[in-house]
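See structure below.
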Amino acid sequence: MTLHEDYRLVEGPPDVESYLTLRERSGLTPRAREQAAPALAGGWAACHVVGPGDRPVGMGRLIGDGGWYFHVVDMAVLPEHQRRGIGDAVLTWLLDRIEALAPPGAYVSLMADEPGRRLYERHGFRATAPRSVGMAIPVGGRVVDLSVTR
């Protein structure tokens, strides 16, 4: 995937401040600085895209064990830079990284919010339900069953 000349893909994550801004402005759940710094340091691979003024406008990261399990996280593009191939370029770079460095048979997963599903499907991702479904629990909080009505 070739980016327009106004954009440049950079290996590695953006700085913490840019990471927090990209998450919030692109519609991802905002995170605290105390979460961002270790998250960026602890990833398996990451890249970001800088645009005019050398400011980060998009990003993506991989977390994983480096052997067979990888999870795509933090896919984000600022709204005013969407629909310009940035998400495609970031996801292509991440998947190429796995292809080049991981042993054969790697498993790549992600959680797909509605806005990104078409991008992920174009790259070969498919829903795993009903065979398996994603599950989550917030640390420091109790899971509330929202399906129960009173």
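Labels used: A, B, ... for chains in the order of the structure tokens, numbers from 1 for residues in each chain, and numbers from 1 for ligands as shown.
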
Gln82 of chain A environment, 12 Å, only C-alpha atoms, sequence neighbours closer than 2 positions dropped, as number ranges by chain: A: 25-26, 49, 51, 57-59, 75-80, 84-89, 115-116, 119

Residue set, chain A restricted to strand (DSSP E), as a PDB file with N, CA and C atoms, in the first residue's frame:
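Listed below is the output, result06.pdb:
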```
ATOM      1  N   ARG A   8       3.698   9.780   5.688  1.00  0.00           N
ATOM      2  CA  ARG A   8       4.879   8.917   5.793  1.00  0.00           C
ATOM      3  C   ARG A   8       4.660   7.932   6.933  1.00  0.00           C
ATOM      4  N   LEU A   9       4.861   6.638   6.655  1.00  0.00           N
ATOM      5  CA  LEU A   9       4.729   5.600   7.676  1.00  0.00           C
ATOM      6  C   LEU A   9       6.044   5.484   8.430  1.00  0.00           C
ATOM      7  N   VAL A  10       5.953   5.450   9.755  1.00  0.00           N
ATOM      8  CA  VAL A  10       7.129   5.395  10.619  1.00  0.00           C
ATOM      9  C   VAL A  10       7.036   4.136  11.487  1.00  0.00           C
ATOM     10  N   GLU A  11       8.098   3.346  11.502  1.00  0.00           N
ATOM     11  CA  GLU A  11       8.134   2.178  12.373  1.00  0.00           C
ATOM     12  C   GLU A  11       8.213   2.634  13.821  1.00  0.00           C
ATOM     13  N   ALA A  45       5.052  -4.968  18.074  1.00  0.00           N
ATOM     14  CA  ALA A  45       5.400  -4.137  16.921  1.00  0.00           C
ATOM     15  C   ALA A  45       4.396  -3.003  16.832  1.00  0.00           C
ATOM     16  N   ALA A  46       4.817  -1.909  16.250  1.00  0.00           N
ATOM     17  CA  ALA A  46       3.925  -0.764  16.089  1.00  0.00           C
ATOM     18  C   ALA A  46       4.415   0.102  14.938  1.00  0.00           C
ATOM     19  N   CYS A  47       3.496   0.866  14.388  1.00  0.00           N
ATOM     20  CA  CYS A  47       3.858   1.892  13.418  1.00  0.00           C
ATOM     21  C   CYS A  47       2.858   3.026  13.543  1.00  0.00           C
ATOM     22  N   HIS A  48       3.248   4.163  13.039  1.00  0.00           N
ATOM     23  CA  HIS A  48       2.323   5.290  12.984  1.00  0.00           C
ATOM     24  C   HIS A  48       2.581   6.053  11.698  1.00  0.00           C
ATOM     25  N   VAL A  49       1.624   6.869  11.331  1.00  0.00           N
ATOM     26  CA  VAL A  49       1.722   7.655  10.109  1.00  0.00           C
ATOM     27  C   VAL A  49       1.735   9.120  10.500  1.00  0.00           C
ATOM     28  N   VAL A  50       2.693   9.845   9.942  1.00  0.00           N
ATOM     29  CA  VAL A  50       2.744  11.291  10.151  1.00  0.00           C
ATOM     30  C   VAL A  50       2.263  11.971   8.877  1.00  0.00           C
ATOM     31  N   PRO A  56       1.585  13.021  14.012  1.00  0.00           N
ATOM     32  CA  PRO A  56       0.949  11.707  13.862  1.00  0.00           C
ATOM     33  C   PRO A  56      -0.546  11.841  13.562  1.00  0.00           C
ATOM     34  N   VAL A  57      -0.981  11.122  12.527  1.00  0.00           N
ATOM     35  CA  VAL A  57      -2.387  11.158  12.128  1.00  0.00           C
ATOM     36  C   VAL A  57      -3.020   9.767  12.162  1.00  0.00           C
ATOM     37  N   GLY A  58      -2.225   8.714  12.344  1.00  0.00           N
ATOM     38  CA  GLY A  58      -2.742   7.355  12.400  1.00  0.00           C
ATOM     39  C   GLY A  58      -1.741   6.443  13.070  1.00  0.00           C
ATOM     40  N   MET A  59      -2.230   5.294  13.540  1.00  0.00           N
ATOM     41  CA  MET A  59      -1.337   4.351  14.225  1.00  0.00           C
ATOM     42  C   MET A  59      -1.976   2.971  14.285  1.00  0.00           C
ATOM     43  N   GLY A  60      -1.156   2.002  14.655  1.00  0.00           N
ATOM     44  CA  GLY A  60      -1.599   0.643  14.934  1.00  0.00           C
ATOM     45  C   GLY A  60      -0.492  -0.086  15.669  1.00  0.00           C
ATOM     46  N   ARG A  61      -0.892  -1.058  16.503  1.00  0.00           N
ATOM     47  CA  ARG A  61       0.102  -1.822  17.269  1.00  0.00           C
ATOM     48  C   ARG A  61      -0.261  -3.293  17.247  1.00  0.00           C
ATOM     49  N   LEU A  62       0.740  -4.108  17.524  1.00  0.00           N
ATOM     50  CA  LEU A  62       0.552  -5.541  17.736  1.00  0.00           C
ATOM     51  C   LEU A  62       1.037  -5.883  19.135  1.00  0.00           C
ATOM     52  N   ILE A  63       0.250  -6.636  19.845  1.00  0.00           N
ATOM     53  CA  ILE A  63       0.711  -7.239  21.085  1.00  0.00           C
ATOM     54  C   ILE A  63       0.710  -8.740  20.855  1.00  0.00           C
ATOM     55  N   GLY A  64       1.580  -9.438  21.531  1.00  0.00           N
ATOM     56  CA  GLY A  64       1.621 -10.874  21.328  1.00  0.00           C
ATOM     57  C   GLY A  64       2.848 -11.500  21.933  1.00  0.00           C
ATOM     58  N   TYR A  69       0.735 -16.199  18.736  1.00  0.00           N
ATOM     59  CA  TYR A  69      -0.463 -15.429  19.028  1.00  0.00           C
ATOM     60  C   TYR A  69      -0.183 -13.934  18.957  1.00  0.00           C
ATOM     61  N   PHE A  70      -0.974 -13.226  18.134  1.00  0.00           N
ATOM     62  CA  PHE A  70      -0.826 -11.783  17.948  1.00  0.00           C
ATOM     63  C   PHE A  70      -2.202 -11.138  17.972  1.00  0.00           C
ATOM     64  N   HIS A  71      -2.269  -9.948  18.524  1.00  0.00           N
ATOM     65  CA  HIS A  71      -3.538  -9.226  18.614  1.00  0.00           C
ATOM     66  C   HIS A  71      -3.313  -7.793  18.125  1.00  0.00           C
ATOM     67  N   VAL A  72      -4.116  -7.379  17.150  1.00  0.00           N
ATOM     68  CA  VAL A  72      -4.048  -6.027  16.603  1.00  0.00           C
ATOM     69  C   VAL A  72      -4.804  -5.085  17.541  1.00  0.00           C
ATOM     70  N   VAL A  73      -4.142  -4.008  17.952  1.00  0.00           N
ATOM     71  CA  VAL A  73      -4.757  -3.039  18.862  1.00  0.00           C
ATOM     72  C   VAL A  73      -4.451  -1.610  18.406  1.00  0.00           C
ATOM     73  N   ASP A  74      -5.174  -0.681  18.958  1.00  0.00           N
ATOM     74  CA  ASP A  74      -4.914   0.749  18.762  1.00  0.00           C
ATOM     75  C   ASP A  74      -4.909   1.189  17.306  1.00  0.00           C
ATOM     76  N   MET A  75      -5.750   0.585  16.477  1.00  0.00           N
ATOM     77  CA  MET A  75      -5.899   1.059  15.104  1.00  0.00           C
ATOM     78  C   MET A  75      -6.694   2.352  15.161  1.00  0.00           C
ATOM     79  N   ALA A  76      -6.068   3.446  14.758  1.00  0.00           N
ATOM     80  CA  ALA A  76      -6.721   4.743  14.852  1.00  0.00           C
ATOM     81  C   ALA A  76      -6.214   5.688  13.769  1.00  0.00           C
ATOM     82  N   VAL A  77      -7.133   6.441  13.187  1.00  0.00           N
ATOM     83  CA  VAL A  77      -6.792   7.491  12.219  1.00  0.00           C
ATOM     84  C   VAL A  77      -7.649   8.700  12.569  1.00  0.00           C
ATOM     85  N   TYR A 107      -1.421 -16.914  14.669  1.00  0.00           N
ATOM     86  CA  TYR A 107      -2.849 -16.610  14.770  1.00  0.00           C
ATOM     87  C   TYR A 107      -2.977 -15.131  15.104  1.00  0.00           C
ATOM     88  N   VAL A 108      -3.708 -14.395  14.276  1.00  0.00           N
ATOM     89  CA  VAL A 108      -3.860 -12.962  14.463  1.00  0.00           C
ATOM     90  C   VAL A 108      -5.329 -12.672  14.752  1.00  0.00           C
ATOM     91  N   SER A 109      -5.576 -11.968  15.847  1.00  0.00           N
ATOM     92  CA  SER A 109      -6.950 -11.635  16.222  1.00  0.00           C
ATOM     93  C   SER A 109      -7.062 -10.135  16.472  1.00  0.00           C
ATOM     94  N   LEU A 110      -8.296  -9.677  16.570  1.00  0.00           N
ATOM     95  CA  LEU A 110      -8.570  -8.286  16.921  1.00  0.00           C
ATOM     96  C   LEU A 110     -10.019  -8.173  17.344  1.00  0.00           C
TER      97      LEU A 110
END
```

One-decimal distance in Å that lies between atom CA of Trp68 of chain A and atom CA of Pro103 of chain A: 6.9 Å

Per-residue DSSP, chain A, filtered to alpha helix (DSSP H), as a PyMOL selection string: chain A and resi 16-26+33-41+86-101+117-122

One-decimal distance in Å that lies between atom CA of Trp93 of chain A and atom CA of Tyr7 of chain A: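 Distance reported for this atom pair: 14.4 Å.
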
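The environment of Leu101 of chain A within 10 Å, counting only C-alpha atoms and disregarding residues fewer than 4 places along the same chain, consists of A:Gly66, A:Gly67, A:Asp96, A:Arg97.
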
Any chance you could tabulate, as a tab-separated table, the residues of segment 11-102 of chain A at most 9 Å from segment 123-128 of chain A with each one's nearest atom pair and distance in Å to one decimal, using only C-alpha atoms, in chain and rising number order?
```
residue	atom	partner	partner_atom	distance
A:Asp88	CA	A:His123	CA	8.4
A:Leu91	CA	A:His123	CA	8.1
A:Thr92	CA	A:His123	CA	7.9
A:Leu95	CA	A:His123	CA	9.0
```

Include C-alpha atoms and write out the residues we just selected as a CSV table (one decimal), in the first residue's frame.
```csv
chain,number,residue,atom,x,y,z
A,88,ASP,CA,-4.9,0.1,5.1
A,91,LEU,CA,-2.7,-2.8,8.9
A,92,THR,CA,-0.7,-4.0,5.9
A,95,LEU,CA,0.5,-8.0,9.0
```
